[in-house]
$ cat work-v3.cif   # mmCIF, C-alpha atoms and all ligand atoms
data_run
#
loop_
_atom_site.group_PDB
_atom_site.id
_atom_site.type_symbol
_atom_site.label_atom_id
_atom_site.label_comp_id
_atom_site.auth_asym_id
_atom_site.auth_seq_id
_atom_site.Cartn_x
_atom_site.Cartn_y
_atom_site.Cartn_z
ATOM 1 C CA MET A 2 114.343 108.455 89.223
ATOM 2 C CA PHE A 3 110.613 108.230 89.702
ATOM 3 C CA GLY A 4 110.774 104.571 90.655
ATOM 4 C CA ARG A 5 109.841 105.069 94.305
ATOM 5 C CA SER A 6 106.501 103.802 95.471
ATOM 6 C CA ARG A 7 104.090 106.006 97.406
ATOM 7 C CA PRO A 8 103.720 107.003 100.112
ATOM 8 C CA GLN A 9 107.177 108.112 101.068
ATOM 9 C CA GLY A 10 108.692 110.456 103.588
ATOM 10 C CA PRO A 11 107.768 111.469 107.110
ATOM 11 C CA GLY A 12 104.130 111.519 107.999
ATOM 12 C CA THR A 13 102.903 109.399 105.134
ATOM 13 C CA ALA A 14 103.218 106.013 106.771
ATOM 14 C CA ALA A 15 101.977 106.507 110.300
ATOM 15 C CA ALA A 16 102.469 103.714 112.789
ATOM 16 C CA GLY A 17 99.901 100.992 112.297
ATOM 17 C CA GLU A 18 99.089 101.927 108.711
ATOM 18 C CA ALA A 19 98.602 98.993 106.420
ATOM 19 C CA THR A 20 100.964 98.146 103.620
ATOM 20 C CA PRO A 21 99.740 96.284 100.536
ATOM 21 C CA PRO A 22 100.421 92.525 100.395
ATOM 22 C CA ALA A 23 103.768 91.458 98.904
ATOM 23 C CA GLY A 24 103.526 92.009 95.187
ATOM 24 C CA GLY A 25 100.612 94.391 95.681
ATOM 25 C CA TYR A 26 96.901 93.852 95.339
ATOM 26 C CA PHE A 27 97.135 93.702 91.561
ATOM 27 C CA GLY A 28 99.832 91.050 91.231
ATOM 28 C CA GLY A 29 103.576 90.943 91.369
ATOM 29 C CA GLN A 30 104.626 92.890 88.287
ATOM 30 C CA GLU A 31 107.183 95.641 88.667
ATOM 31 C CA PRO A 32 105.084 98.786 89.069
ATOM 32 C CA MET A 33 105.383 101.198 86.179
ATOM 33 C CA ARG A 34 105.241 104.763 87.458
ATOM 34 C CA ALA A 35 103.121 107.272 85.623
ATOM 35 C CA PHE A 36 106.128 109.479 84.986
ATOM 36 C CA ASP A 37 108.162 106.589 83.490
ATOM 37 C CA ARG A 38 105.690 106.344 80.630
ATOM 38 C CA PRO A 39 105.806 108.747 77.740
ATOM 39 C CA VAL A 40 102.881 111.102 78.180
ATOM 40 C CA THR A 41 101.472 111.767 74.755
ATOM 41 C CA ASP A 42 98.118 113.280 75.598
ATOM 42 C CA ALA A 43 95.778 114.169 78.406
ATOM 43 C CA ALA A 44 93.070 111.937 79.849
ATOM 44 C CA VAL A 45 91.242 115.072 81.025
ATOM 45 C CA LEU A 46 91.753 118.595 79.757
ATOM 46 C CA LEU A 47 90.086 121.716 81.146
ATOM 47 C CA ARG A 48 90.416 124.984 79.255
ATOM 48 C CA ASP A 49 89.473 128.222 80.977
ATOM 49 C CA VAL A 50 86.541 126.671 82.837
ATOM 50 C CA HIS A 51 84.246 129.083 84.674
ATOM 51 C CA LYS A 52 81.336 128.049 86.889
ATOM 52 C CA LYS A 53 79.103 130.389 88.820
ATOM 53 C CA TYR A 54 76.193 129.516 91.092
ATOM 54 C CA GLY A 55 73.410 132.070 91.525
ATOM 55 C CA ARG A 56 73.125 135.506 89.947
ATOM 56 C CA GLY A 57 73.990 139.111 90.525
ATOM 57 C CA SER A 58 75.673 140.319 93.667
ATOM 58 C CA THR A 59 74.993 137.053 95.542
ATOM 59 C CA ALA A 60 76.570 134.829 92.841
ATOM 60 C CA THR A 61 79.350 132.458 93.888
ATOM 61 C CA HIS A 62 82.215 131.987 91.449
ATOM 62 C CA ALA A 63 83.030 128.349 92.150
ATOM 63 C CA LEU A 64 85.573 128.095 89.291
ATOM 64 C CA ARG A 65 87.310 131.149 87.812
ATOM 65 C CA GLY A 66 89.097 130.147 84.646
ATOM 66 C CA VAL A 67 90.620 126.769 85.472
ATOM 67 C CA SER A 68 92.956 125.339 82.812
ATOM 68 C CA ILE A 69 94.755 122.067 83.442
ATOM 69 C CA ALA A 70 95.799 118.871 81.651
ATOM 70 C CA LEU A 71 95.740 115.587 83.570
ATOM 71 C CA PRO A 72 97.997 113.074 81.795
ATOM 72 C CA ARG A 73 96.907 109.508 81.129
ATOM 73 C CA GLY A 74 98.175 107.102 83.765
ATOM 74 C CA SER A 75 98.614 109.798 86.405
ATOM 75 C CA PHE A 76 97.257 110.143 89.947
ATOM 76 C CA THR A 77 96.227 113.717 90.779
ATOM 77 C CA ALA A 78 95.008 114.941 94.155
ATOM 78 C CA ILE A 79 92.903 118.098 94.417
ATOM 79 C CA MET A 80 93.157 119.978 97.701
ATOM 80 C CA GLY A 81 92.005 123.355 98.983
ATOM 81 C CA PRO A 82 90.025 125.017 101.745
ATOM 82 C CA SER A 83 86.326 124.257 102.140
ATOM 83 C CA GLY A 84 84.337 126.059 99.443
ATOM 84 C CA SER A 85 87.391 126.503 97.173
ATOM 85 C CA GLY A 86 85.714 124.645 94.281
ATOM 86 C CA LYS A 87 87.108 121.091 94.585
ATOM 87 C CA SER A 88 83.809 119.272 94.132
ATOM 88 C CA THR A 89 82.780 121.687 91.386
ATOM 89 C CA PHE A 90 86.073 120.943 89.622
ATOM 90 C CA LEU A 91 85.391 117.208 89.840
ATOM 91 C CA GLN A 92 81.756 117.543 88.775
ATOM 92 C CA CYS A 93 82.643 119.708 85.757
ATOM 93 C CA SER A 94 85.515 117.383 84.795
ATOM 94 C CA ALA A 95 83.161 114.385 84.933
ATOM 95 C CA GLY A 96 80.384 116.083 82.994
ATOM 96 C CA LEU A 97 78.091 115.910 86.040
ATOM 97 C CA ASP A 98 77.825 119.693 86.002
ATOM 98 C CA ARG A 99 78.164 122.043 83.023
ATOM 99 C CA PRO A 100 80.623 124.932 83.065
ATOM 100 C CA ASP A 101 79.255 128.382 82.166
ATOM 101 C CA SER A 102 82.165 128.813 79.770
ATOM 102 C CA GLY A 103 85.372 127.079 78.771
ATOM 103 C CA SER A 104 85.690 123.471 77.690
ATOM 104 C CA VAL A 105 86.265 120.034 79.189
ATOM 105 C CA LEU A 106 87.703 117.175 77.148
ATOM 106 C CA LEU A 107 87.861 113.502 78.037
ATOM 107 C CA GLY A 108 90.653 112.379 75.734
ATOM 108 C CA ASP A 109 89.512 113.744 72.380
ATOM 109 C CA THR A 110 85.871 113.911 73.400
ATOM 110 C CA GLU A 111 84.483 117.373 74.092
ATOM 111 C CA LEU A 112 81.987 117.061 76.979
ATOM 112 C CA THR A 113 80.905 120.659 77.338
ATOM 113 C CA ARG A 114 78.221 120.789 74.688
ATOM 114 C CA MET A 115 77.305 117.092 74.636
ATOM 115 C CA ARG A 116 73.642 116.146 74.998
ATOM 116 C CA GLU A 117 72.660 114.665 78.351
ATOM 117 C CA ASN A 118 71.933 111.107 77.140
ATOM 118 C CA LYS A 119 75.246 110.881 75.261
ATOM 119 C CA LEU A 120 77.043 112.320 78.287
ATOM 120 C CA SER A 121 75.513 109.699 80.508
ATOM 121 C CA ASP A 122 76.736 106.949 78.092
ATOM 122 C CA VAL A 123 80.235 108.444 78.239
ATOM 123 C CA ARG A 124 80.114 108.522 82.046
ATOM 124 C CA LEU A 125 78.978 104.901 82.241
ATOM 125 C CA SER A 126 81.487 103.474 79.825
ATOM 126 C CA ARG A 127 84.523 105.738 80.168
ATOM 127 C CA MET A 128 84.504 107.030 83.745
ATOM 128 C CA GLY A 129 84.556 105.351 87.147
ATOM 129 C CA PHE A 130 83.390 106.997 90.370
ATOM 130 C CA VAL A 131 84.346 106.471 94.004
ATOM 131 C CA PHE A 132 82.500 108.498 96.657
ATOM 132 C CA GLN A 133 83.041 109.174 100.347
ATOM 133 C CA HIS A 134 80.001 107.116 101.347
ATOM 134 C CA PHE A 135 80.600 104.302 98.820
ATOM 135 C CA ASN A 136 77.174 104.710 97.124
ATOM 136 C CA LEU A 137 76.585 100.974 96.707
ATOM 137 C CA LEU A 138 73.034 99.723 96.198
ATOM 138 C CA PRO A 139 72.110 97.870 99.401
ATOM 139 C CA ALA A 140 69.608 95.504 97.759
ATOM 140 C CA LEU A 141 72.145 94.227 95.232
ATOM 141 C CA THR A 142 74.878 91.685 95.910
ATOM 142 C CA VAL A 143 78.544 92.632 95.620
ATOM 143 C CA HIS A 144 78.672 90.938 92.181
ATOM 144 C CA GLN A 145 75.662 92.928 91.003
ATOM 145 C CA ASN A 146 77.012 96.222 92.372
ATOM 146 C CA VAL A 147 80.321 95.743 90.577
ATOM 147 C CA GLU A 148 78.585 94.752 87.333
ATOM 148 C CA LEU A 149 76.047 97.589 87.445
ATOM 149 C CA PRO A 150 77.936 100.007 85.121
ATOM 150 C CA LEU A 151 78.224 97.220 82.505
ATOM 151 C CA LYS A 152 74.543 96.363 82.877
ATOM 152 C CA LEU A 153 73.423 100.001 82.570
ATOM 153 C CA ALA A 154 75.663 100.466 79.528
ATOM 154 C CA GLY A 155 74.159 97.330 77.935
ATOM 155 C CA LYS A 156 77.552 95.603 77.890
ATOM 156 C CA ARG A 157 78.278 91.905 78.301
ATOM 157 C CA ILE A 158 78.745 90.743 81.886
ATOM 158 C CA ASP A 159 81.487 88.214 82.528
ATOM 159 C CA ARG A 160 81.224 86.785 86.059
ATOM 160 C CA ASN A 161 84.780 85.431 85.868
ATOM 161 C CA LYS A 162 86.064 88.918 85.174
ATOM 162 C CA THR A 163 84.012 90.295 88.081
ATOM 163 C CA GLU A 164 85.588 87.671 90.333
ATOM 164 C CA GLU A 165 89.049 88.548 89.045
ATOM 165 C CA ILE A 166 88.538 92.245 89.846
ATOM 166 C CA LEU A 167 87.149 91.401 93.291
ATOM 167 C CA SER A 168 90.242 89.295 93.970
ATOM 168 C CA ARG A 169 92.422 92.182 92.842
ATOM 169 C CA VAL A 170 90.821 94.492 95.394
ATOM 170 C CA GLY A 171 91.288 91.848 98.089
ATOM 171 C CA LEU A 172 87.697 90.577 98.191
ATOM 172 C CA PRO A 173 87.654 87.083 96.726
ATOM 173 C CA ASP A 174 84.579 84.982 97.588
ATOM 174 C CA ARG A 175 82.520 87.942 98.811
ATOM 175 C CA GLY A 176 80.489 88.353 95.642
ATOM 176 C CA HIS A 177 77.258 86.943 97.075
ATOM 177 C CA ARG A 178 77.233 89.219 100.115
ATOM 178 C CA ARG A 179 75.216 92.445 100.363
ATOM 179 C CA PRO A 180 76.989 95.756 101.118
ATOM 180 C CA GLY A 181 75.404 95.860 104.607
ATOM 181 C CA GLU A 182 77.332 92.703 105.508
ATOM 182 C CA LEU A 183 80.691 94.334 104.749
ATOM 183 C CA SER A 184 82.897 96.774 106.679
ATOM 184 C CA GLY A 185 83.350 100.360 105.431
ATOM 185 C CA GLY A 186 86.759 99.554 103.975
ATOM 186 C CA GLN A 187 85.407 96.468 102.225
ATOM 187 C CA GLN A 188 82.514 98.494 100.810
ATOM 188 C CA GLN A 189 84.964 101.056 99.428
ATOM 189 C CA ARG A 190 86.924 98.208 97.787
ATOM 190 C CA VAL A 191 83.695 97.086 96.123
ATOM 191 C CA ALA A 192 83.226 100.678 94.913
ATOM 192 C CA ILE A 193 86.761 100.634 93.479
ATOM 193 C CA ALA A 194 86.037 97.297 91.772
ATOM 194 C CA ARG A 195 82.879 98.895 90.332
ATOM 195 C CA ALA A 196 84.941 101.860 89.126
ATOM 196 C CA LEU A 197 87.471 99.534 87.435
ATOM 197 C CA VAL A 198 85.036 97.111 85.795
ATOM 198 C CA THR A 199 84.599 99.098 82.572
ATOM 199 C CA GLU A 200 88.342 99.816 82.297
ATOM 200 C CA PRO A 201 87.516 103.527 82.295
ATOM 201 C CA ASP A 202 89.653 106.345 80.897
ATOM 202 C CA VAL A 203 89.555 108.055 84.276
ATOM 203 C CA ILE A 204 88.444 107.366 87.855
ATOM 204 C CA PHE A 205 87.051 110.326 89.802
ATOM 205 C CA ALA A 206 87.176 109.986 93.587
ATOM 206 C CA ASP A 207 85.610 112.560 95.924
ATOM 207 C CA GLU A 208 86.964 112.129 99.477
ATOM 208 C CA PRO A 209 87.272 108.324 99.045
ATOM 209 C CA THR A 210 88.860 107.911 102.479
ATOM 210 C CA GLY A 211 86.772 110.514 104.315
ATOM 211 C CA ALA A 212 84.682 107.877 106.095
ATOM 212 C CA LEU A 213 87.501 105.408 106.829
ATOM 213 C CA ASP A 214 90.014 104.921 109.640
ATOM 214 C CA THR A 215 93.719 105.482 108.897
ATOM 215 C CA THR A 216 94.625 101.846 108.283
ATOM 216 C CA THR A 217 91.661 101.147 106.027
ATOM 217 C CA ALA A 218 92.233 104.461 104.239
ATOM 218 C CA SER A 219 95.797 103.407 103.396
ATOM 219 C CA GLU A 220 94.555 100.134 101.946
ATOM 220 C CA VAL A 221 92.073 101.973 99.731
ATOM 221 C CA LEU A 222 94.723 104.496 98.609
ATOM 222 C CA ALA A 223 97.142 101.658 97.845
ATOM 223 C CA LEU A 224 94.480 100.204 95.546
ATOM 224 C CA LEU A 225 94.044 103.486 93.686
ATOM 225 C CA ARG A 226 97.845 103.829 93.435
ATOM 226 C CA GLU A 227 98.137 100.310 92.020
ATOM 227 C CA ALA A 228 95.328 100.919 89.551
ATOM 228 C CA VAL A 229 97.495 103.751 88.186
ATOM 229 C CA ASP A 230 100.860 101.980 88.341
ATOM 230 C CA GLN A 231 99.825 98.512 87.213
ATOM 231 C CA LEU A 232 96.655 98.959 85.174
ATOM 232 C CA GLY A 233 97.525 102.359 83.677
ATOM 233 C CA SER A 234 94.364 103.985 85.090
ATOM 234 C CA THR A 235 94.098 107.751 85.516
ATOM 235 C CA VAL A 236 92.869 108.842 88.963
ATOM 236 C CA VAL A 237 91.631 112.286 90.036
ATOM 237 C CA MET A 238 90.945 112.458 93.766
ATOM 238 C CA VAL A 239 89.579 115.276 95.903
ATOM 239 C CA THR A 240 90.793 115.071 99.480
ATOM 240 C CA HIS A 241 91.201 117.154 102.625
ATOM 241 C CA GLU A 242 93.888 114.866 103.990
ATOM 242 C CA PRO A 243 97.608 115.465 103.283
ATOM 243 C CA ASN A 244 98.248 111.774 104.060
ATOM 244 C CA ALA A 245 95.895 110.785 101.262
ATOM 245 C CA ALA A 246 97.210 113.395 98.801
ATOM 246 C CA ALA A 247 100.760 112.087 99.361
ATOM 247 C CA TRP A 248 99.810 108.937 97.408
ATOM 248 C CA ALA A 249 99.295 111.040 94.272
ATOM 249 C CA ASP A 250 101.920 112.029 91.686
ATOM 250 C CA ARG A 251 100.764 115.610 91.699
ATOM 251 C CA VAL A 252 98.759 117.767 94.088
ATOM 252 C CA LEU A 253 96.754 120.721 92.744
ATOM 253 C CA PHE A 254 95.653 123.381 95.229
ATOM 254 C CA LEU A 255 92.435 125.262 94.561
ATOM 255 C CA VAL A 256 91.836 128.570 96.302
ATOM 256 C CA ASP A 257 88.698 130.562 95.643
ATOM 257 C CA GLY A 258 87.980 128.797 92.339
ATOM 258 C CA GLU A 259 91.502 129.046 90.919
ATOM 259 C CA ILE A 260 94.445 126.643 90.828
ATOM 260 C CA SER A 261 96.842 128.601 92.957
ATOM 261 C CA ASP A 262 99.657 126.101 93.311
ATOM 262 C CA GLU A 263 100.812 122.571 92.609
ATOM 263 C CA LEU A 264 103.329 120.127 94.049
ATOM 264 C CA THR A 265 104.770 117.016 92.415
ATOM 265 C CA LEU A 266 105.871 113.835 94.198
ATOM 266 C CA VAL A 267 105.894 115.234 97.709
ATOM 267 C CA ASP A 268 105.224 113.851 101.173
ATOM 268 C CA SER A 269 102.358 114.676 103.504
ATOM 269 C CA GLU A 270 104.426 117.110 105.623
ATOM 270 C CA GLU A 271 105.106 119.324 102.619
ATOM 271 C CA ILE A 272 101.478 119.119 101.510
ATOM 272 C CA ALA A 273 100.190 120.001 104.992
ATOM 273 C CA SER A 274 102.568 122.928 105.250
ATOM 274 C CA ARG A 275 101.544 124.276 101.796
ATOM 275 C CA MET A 276 97.861 123.922 102.764
ATOM 276 C CA ARG A 277 98.463 125.923 105.967
ATOM 277 C CA GLU A 278 100.185 128.704 103.979
ATOM 278 C CA LEU A 279 97.414 128.838 101.374
ATOM 279 C CA THR A 280 94.647 128.870 103.997
ATOM 280 C CA ARG A 281 96.412 131.682 105.901
ATOM 281 C CA THR A 282 96.808 133.762 102.721
ATOM 282 C CA ALA A 283 93.200 133.090 101.658
ATOM 283 C CA ASN A 284 91.872 134.101 105.106
ATOM 284 C CA ARG A 285 93.966 137.270 105.050
ATOM 285 C CA SER A 286 92.623 138.335 101.651
ATOM 286 C CA LYS A 287 89.063 137.558 102.747
ATOM 287 C CA ALA A 288 89.527 139.675 105.879
ATOM 288 C CA ALA A 289 90.977 142.521 103.790
ATOM 289 C CA ALA A 290 88.037 142.363 101.356
ATOM 290 C CA ALA A 291 85.351 142.223 104.099
ATOM 291 C CA PRO A 292 83.525 145.511 104.895
ATOM 292 C CA VAL A 293 84.665 147.012 108.186
ATOM 293 C CA ARG A 294 81.860 147.005 110.780
ATOM 294 C CA GLY A 295 80.766 150.270 112.284
ATOM 295 C CA ARG A 296 81.758 152.380 109.275
ATOM 296 C CA ALA A 297 79.336 153.886 106.835
HETATM 297 N N1 LIG A 301 74.590 123.885 93.828
HETATM 298 C C1 LIG A 301 75.137 124.982 94.345
HETATM 299 N N2 LIG A 301 74.412 126.104 94.503
HETATM 300 C C2 LIG A 301 74.956 127.234 94.992
HETATM 301 N N3 LIG A 301 76.251 127.348 95.367
HETATM 302 C C3 LIG A 301 77.021 126.254 95.249
HETATM 303 C C4 LIG A 301 76.516 125.019 94.739
HETATM 304 N N4 LIG A 301 77.511 124.117 94.743
HETATM 305 C C5 LIG A 301 78.595 124.747 95.229
HETATM 306 N N5 LIG A 301 78.305 126.021 95.528
HETATM 307 C C6 LIG A 301 79.240 127.034 96.063
HETATM 308 O O1 LIG A 301 80.395 127.044 95.240
HETATM 309 C C7 LIG A 301 81.589 127.130 96.016
HETATM 310 C C8 LIG A 301 82.463 125.928 95.738
HETATM 311 O O2 LIG A 301 81.791 124.764 96.223
HETATM 312 P P1 LIG A 301 82.425 123.310 96.209
HETATM 313 O O3 LIG A 301 81.383 122.378 96.687
HETATM 314 O O4 LIG A 301 83.017 123.063 94.868
HETATM 315 O O5 LIG A 301 83.598 123.470 97.276
HETATM 316 P P2 LIG A 301 84.579 122.364 97.910
HETATM 317 O O6 LIG A 301 85.957 122.878 97.709
HETATM 318 O O7 LIG A 301 84.243 121.030 97.365
HETATM 319 O O8 LIG A 301 84.206 122.477 99.449
HETATM 320 P P3 LIG A 301 84.212 121.321 100.586
HETATM 321 O O9 LIG A 301 85.664 121.109 100.933
HETATM 322 O O10 LIG A 301 83.492 121.976 101.715
HETATM 323 O O11 LIG A 301 83.547 120.110 100.052
HETATM 324 C C9 LIG A 301 81.136 127.214 97.468
HETATM 325 O O12 LIG A 301 81.116 128.582 97.844
HETATM 326 C C10 LIG A 301 79.724 126.654 97.465
HETATM 327 O O13 LIG A 301 78.929 127.233 98.454
HETATM 328 MG MG MG A 302 83.455 119.249 98.233
#
$ encode --input "work-v3.cif" --output "structure tokens" --more "lines below"
Ligand SMILES: Nc1ncnc2c1ncn2[C@@H]1O[C@H](COP(=O)(O)OP(=O)(O)OP(=O)(O)O)[C@@H](O)[C@H]1O
Ligand SMILES: [Mg+2]
Amino acid sequence: MFGRSRPQGPGTAAAGEATPPAGGYFGGQEPMRAFDRPVTDAAVLLRDVHKKYGRGSTATHALRGVSIALPRGSFTAIMGPSGSGKSTFLQCSAGLDRPDSGSVLLGDTELTRMRENKLSDVRLSRMGFVFQHFNLLPALTVHQNVELPLKLAGKRIDRNKTEEILSRVGLPDRGHRRPGELSGGQQQRVAIARALVTEPDVIFADEPTGALDTTTASEVLALLREAVDQLGSTVVMVTHEPNAAAWADRVLFLVDGEISDELTLVDSEEIASRMRELTRTANRSKAAAAPVRGRA
């Protein structure tokens, strides 16, 4: 029942969008959908997470009691209006920022009260990151960029394995190049290879297609999808784009620091329409809460 491959439905595969090569980037196995697998536990678990920036009357409540479980082997998209708390959600989930209260677990590991050096070990060995602007080191070769998390974690580097991952993301024989010699889409594939190299528990992606054209964006999203379906990775992706969110199994909508809604296995039209509704409602409540000018 969940055997369809993403994206599906109107609006998700615009004319000219790329499709993955036959058999997919990660080989020809029959994809195993996240929902076909028994979900025994969560890769990431947030319990009543609150995060506030600033103090007193000018404080911003970026997260107001977020509780959510993200199952292993699932692809979750986080959407919401600008300022709704998406990046804060990702940063708190990845231990890059500390919640004021509540707890964040990576599998069985409680991150919330972990010391900074231990947290940074956990991030290096158990999390992968993909950013809008790729964040590759320009002075390093592609091989070295991909191997960097292993090197920083003091783990053994296996050049054959690096090559294998680069082939999987469609970049065989590019290992000696520098990022500046690659296109944006190719650089993002290197970033995905870097995120996969440690076989992390979860990959966090913040607007991974924000700097890419539609065709290249689809190729990058297909890679994330295949990492979930064929390697069993867990992906959490913040995006503004319904077309990108449609590749996920589940879309969570944040409004004003709270998860206000979620959709499962839907196409980009439905996602776009839900976003429009939520933005309208959020704007209406903001307008109602704003002081009326000209009155005492
Ligand atoms: N370091 C910070 N200091 C003060 N306020 C912050 C900080 N980071 C975020 N905020 C505020 O917290 C709220 C949530 O911010 P966040 O960056 O999580 O939103 P977002 O949903 O990712 O927005 P966007 O779509 O624009 O990236 C916003 O009102 C923002 O101004
Ligand atoms: Mg953001």
$ residues_near_ligand --input "work-v3.cif" --ligand "ligand MG 302 (chain A)" --cutoff "7 Å" --atoms "all atoms listed in the file" --output "list in words"
Ser83, Gly84, Lys87 and Ser88 of chain A
$ closest_residue --input "work-v3.cif" --among "A:Gly103, A:Gly55, A:Pro243, A:Gly181" --to "A:Asn136" --atoms "all atoms listed in the file"
A:Gly181
$ atom_distance --input "work-v3.cif" --atom1 "atom CA of A:Gln188" --atom2 "atom C5 of ligand LIG 301 (chain A)"
27.1 Å
$ residues_near_point --input "work-v3.cif" --point "(83.8, 93.5, 101.7)" --cutoff "10 Å" --atoms "all atoms listed in the file" --output "PyMOL selection string"
chain A and resi 143+167+170-176+178-192
$ residues_near_ligand --input "work-v3.cif" --ligand "ligand LIG 301 (chain A)" --cutoff "9 Å" --atoms "all atoms listed in the file" --output "compact mmCIF listing (two decimals) with C-alpha atoms, keeping the file's coordinate frame"
# COMPACT_ATOMS: atom_id res chain seq x y z
CA LYS A 52 81.34 128.05 86.89
CA LYS A 53 79.10 130.39 88.82
CA TYR A 54 76.19 129.52 91.09
CA GLY A 55 73.41 132.07 91.52
CA ALA A 60 76.57 134.83 92.84
CA THR A 61 79.35 132.46 93.89
CA HIS A 62 82.22 131.99 91.45
CA ALA A 63 83.03 128.35 92.15
CA LEU A 64 85.57 128.10 89.29
CA MET A 80 93.16 119.98 97.70
CA GLY A 81 92.00 123.36 98.98
CA PRO A 82 90.02 125.02 101.74
CA SER A 83 86.33 124.26 102.14
CA GLY A 84 84.34 126.06 99.44
CA SER A 85 87.39 126.50 97.17
CA GLY A 86 85.71 124.64 94.28
CA LYS A 87 87.11 121.09 94.58
CA SER A 88 83.81 119.27 94.13
CA THR A 89 82.78 121.69 91.39
CA PHE A 90 86.07 120.94 89.62
CA LEU A 91 85.39 117.21 89.84
CA GLN A 92 81.76 117.54 88.78
CA ASP A 207 85.61 112.56 95.92
CA GLU A 208 86.96 112.13 99.48
CA VAL A 239 89.58 115.28 95.90
CA THR A 240 90.79 115.07 99.48
CA HIS A 241 91.20 117.15 102.62
CA LEU A 255 92.44 125.26 94.56
CA VAL A 256 91.84 128.57 96.30
CA ASP A 257 88.70 130.56 95.64
CA GLY A 258 87.98 128.80 92.34
$ resolve_selection --input "work-v3.cif" --expression "the PyMOL selection byres (((chain A and resi 125) around 12) and not hetatm)" --output "tab-separated table (two decimals) with C-alpha atoms, in the frame of the given file"
chain	number	residue	atom	x	y	z
A	95	ALA	CA	83.16	114.38	84.93
A	96	GLY	CA	80.38	116.08	82.99
A	97	LEU	CA	78.09	115.91	86.04
A	118	ASN	CA	71.93	111.11	77.14
A	119	LYS	CA	75.25	110.88	75.26
A	120	LEU	CA	77.04	112.32	78.29
A	121	SER	CA	75.51	109.70	80.51
A	122	ASP	CA	76.74	106.95	78.09
A	123	VAL	CA	80.24	108.44	78.24
A	124	ARG	CA	80.11	108.52	82.05
A	126	SER	CA	81.49	103.47	79.82
A	127	ARG	CA	84.52	105.74	80.17
A	128	MET	CA	84.50	107.03	83.74
A	129	GLY	CA	84.56	105.35	87.15
A	130	PHE	CA	83.39	107.00	90.37
A	148	GLU	CA	78.58	94.75	87.33
A	149	LEU	CA	76.05	97.59	87.44
A	150	PRO	CA	77.94	100.01	85.12
A	151	LEU	CA	78.22	97.22	82.50
A	152	LYS	CA	74.54	96.36	82.88
A	153	LEU	CA	73.42	100.00	82.57
A	154	ALA	CA	75.66	100.47	79.53
A	155	GLY	CA	74.16	97.33	77.94
A	156	LYS	CA	77.55	95.60	77.89
A	195	ARG	CA	82.88	98.90	90.33
A	196	ALA	CA	84.94	101.86	89.13
A	197	LEU	CA	87.47	99.53	87.44
A	198	VAL	CA	85.04	97.11	85.80
A	199	THR	CA	84.60	99.10	82.57
A	200	GLU	CA	88.34	99.82	82.30
A	201	PRO	CA	87.52	103.53	82.30
A	202	ASP	CA	89.65	106.34	80.90
A	203	VAL	CA	89.56	108.06	84.28
A	204	ILE	CA	88.44	107.37	87.86
$ atom_distance --input "work-v3.cif" --atom1 "atom CA of A:Thr282" --atom2 "atom CA of A:Ala249"
24.4 Å
$ closest_residue --input "work-v3.cif" --among "A:Ile272, A:Glu227, A:Gly233, A:Val67" --to "A:Ala44" --atoms "all atoms listed in the file"
A:Gly233
$ closest_residue --input "work-v3.cif" --among "A:Asp159, A:Arg169, A:Ile193, A:Asp230" --to "A:Leu137" --atoms "all atoms listed in the file"
A:Ile193
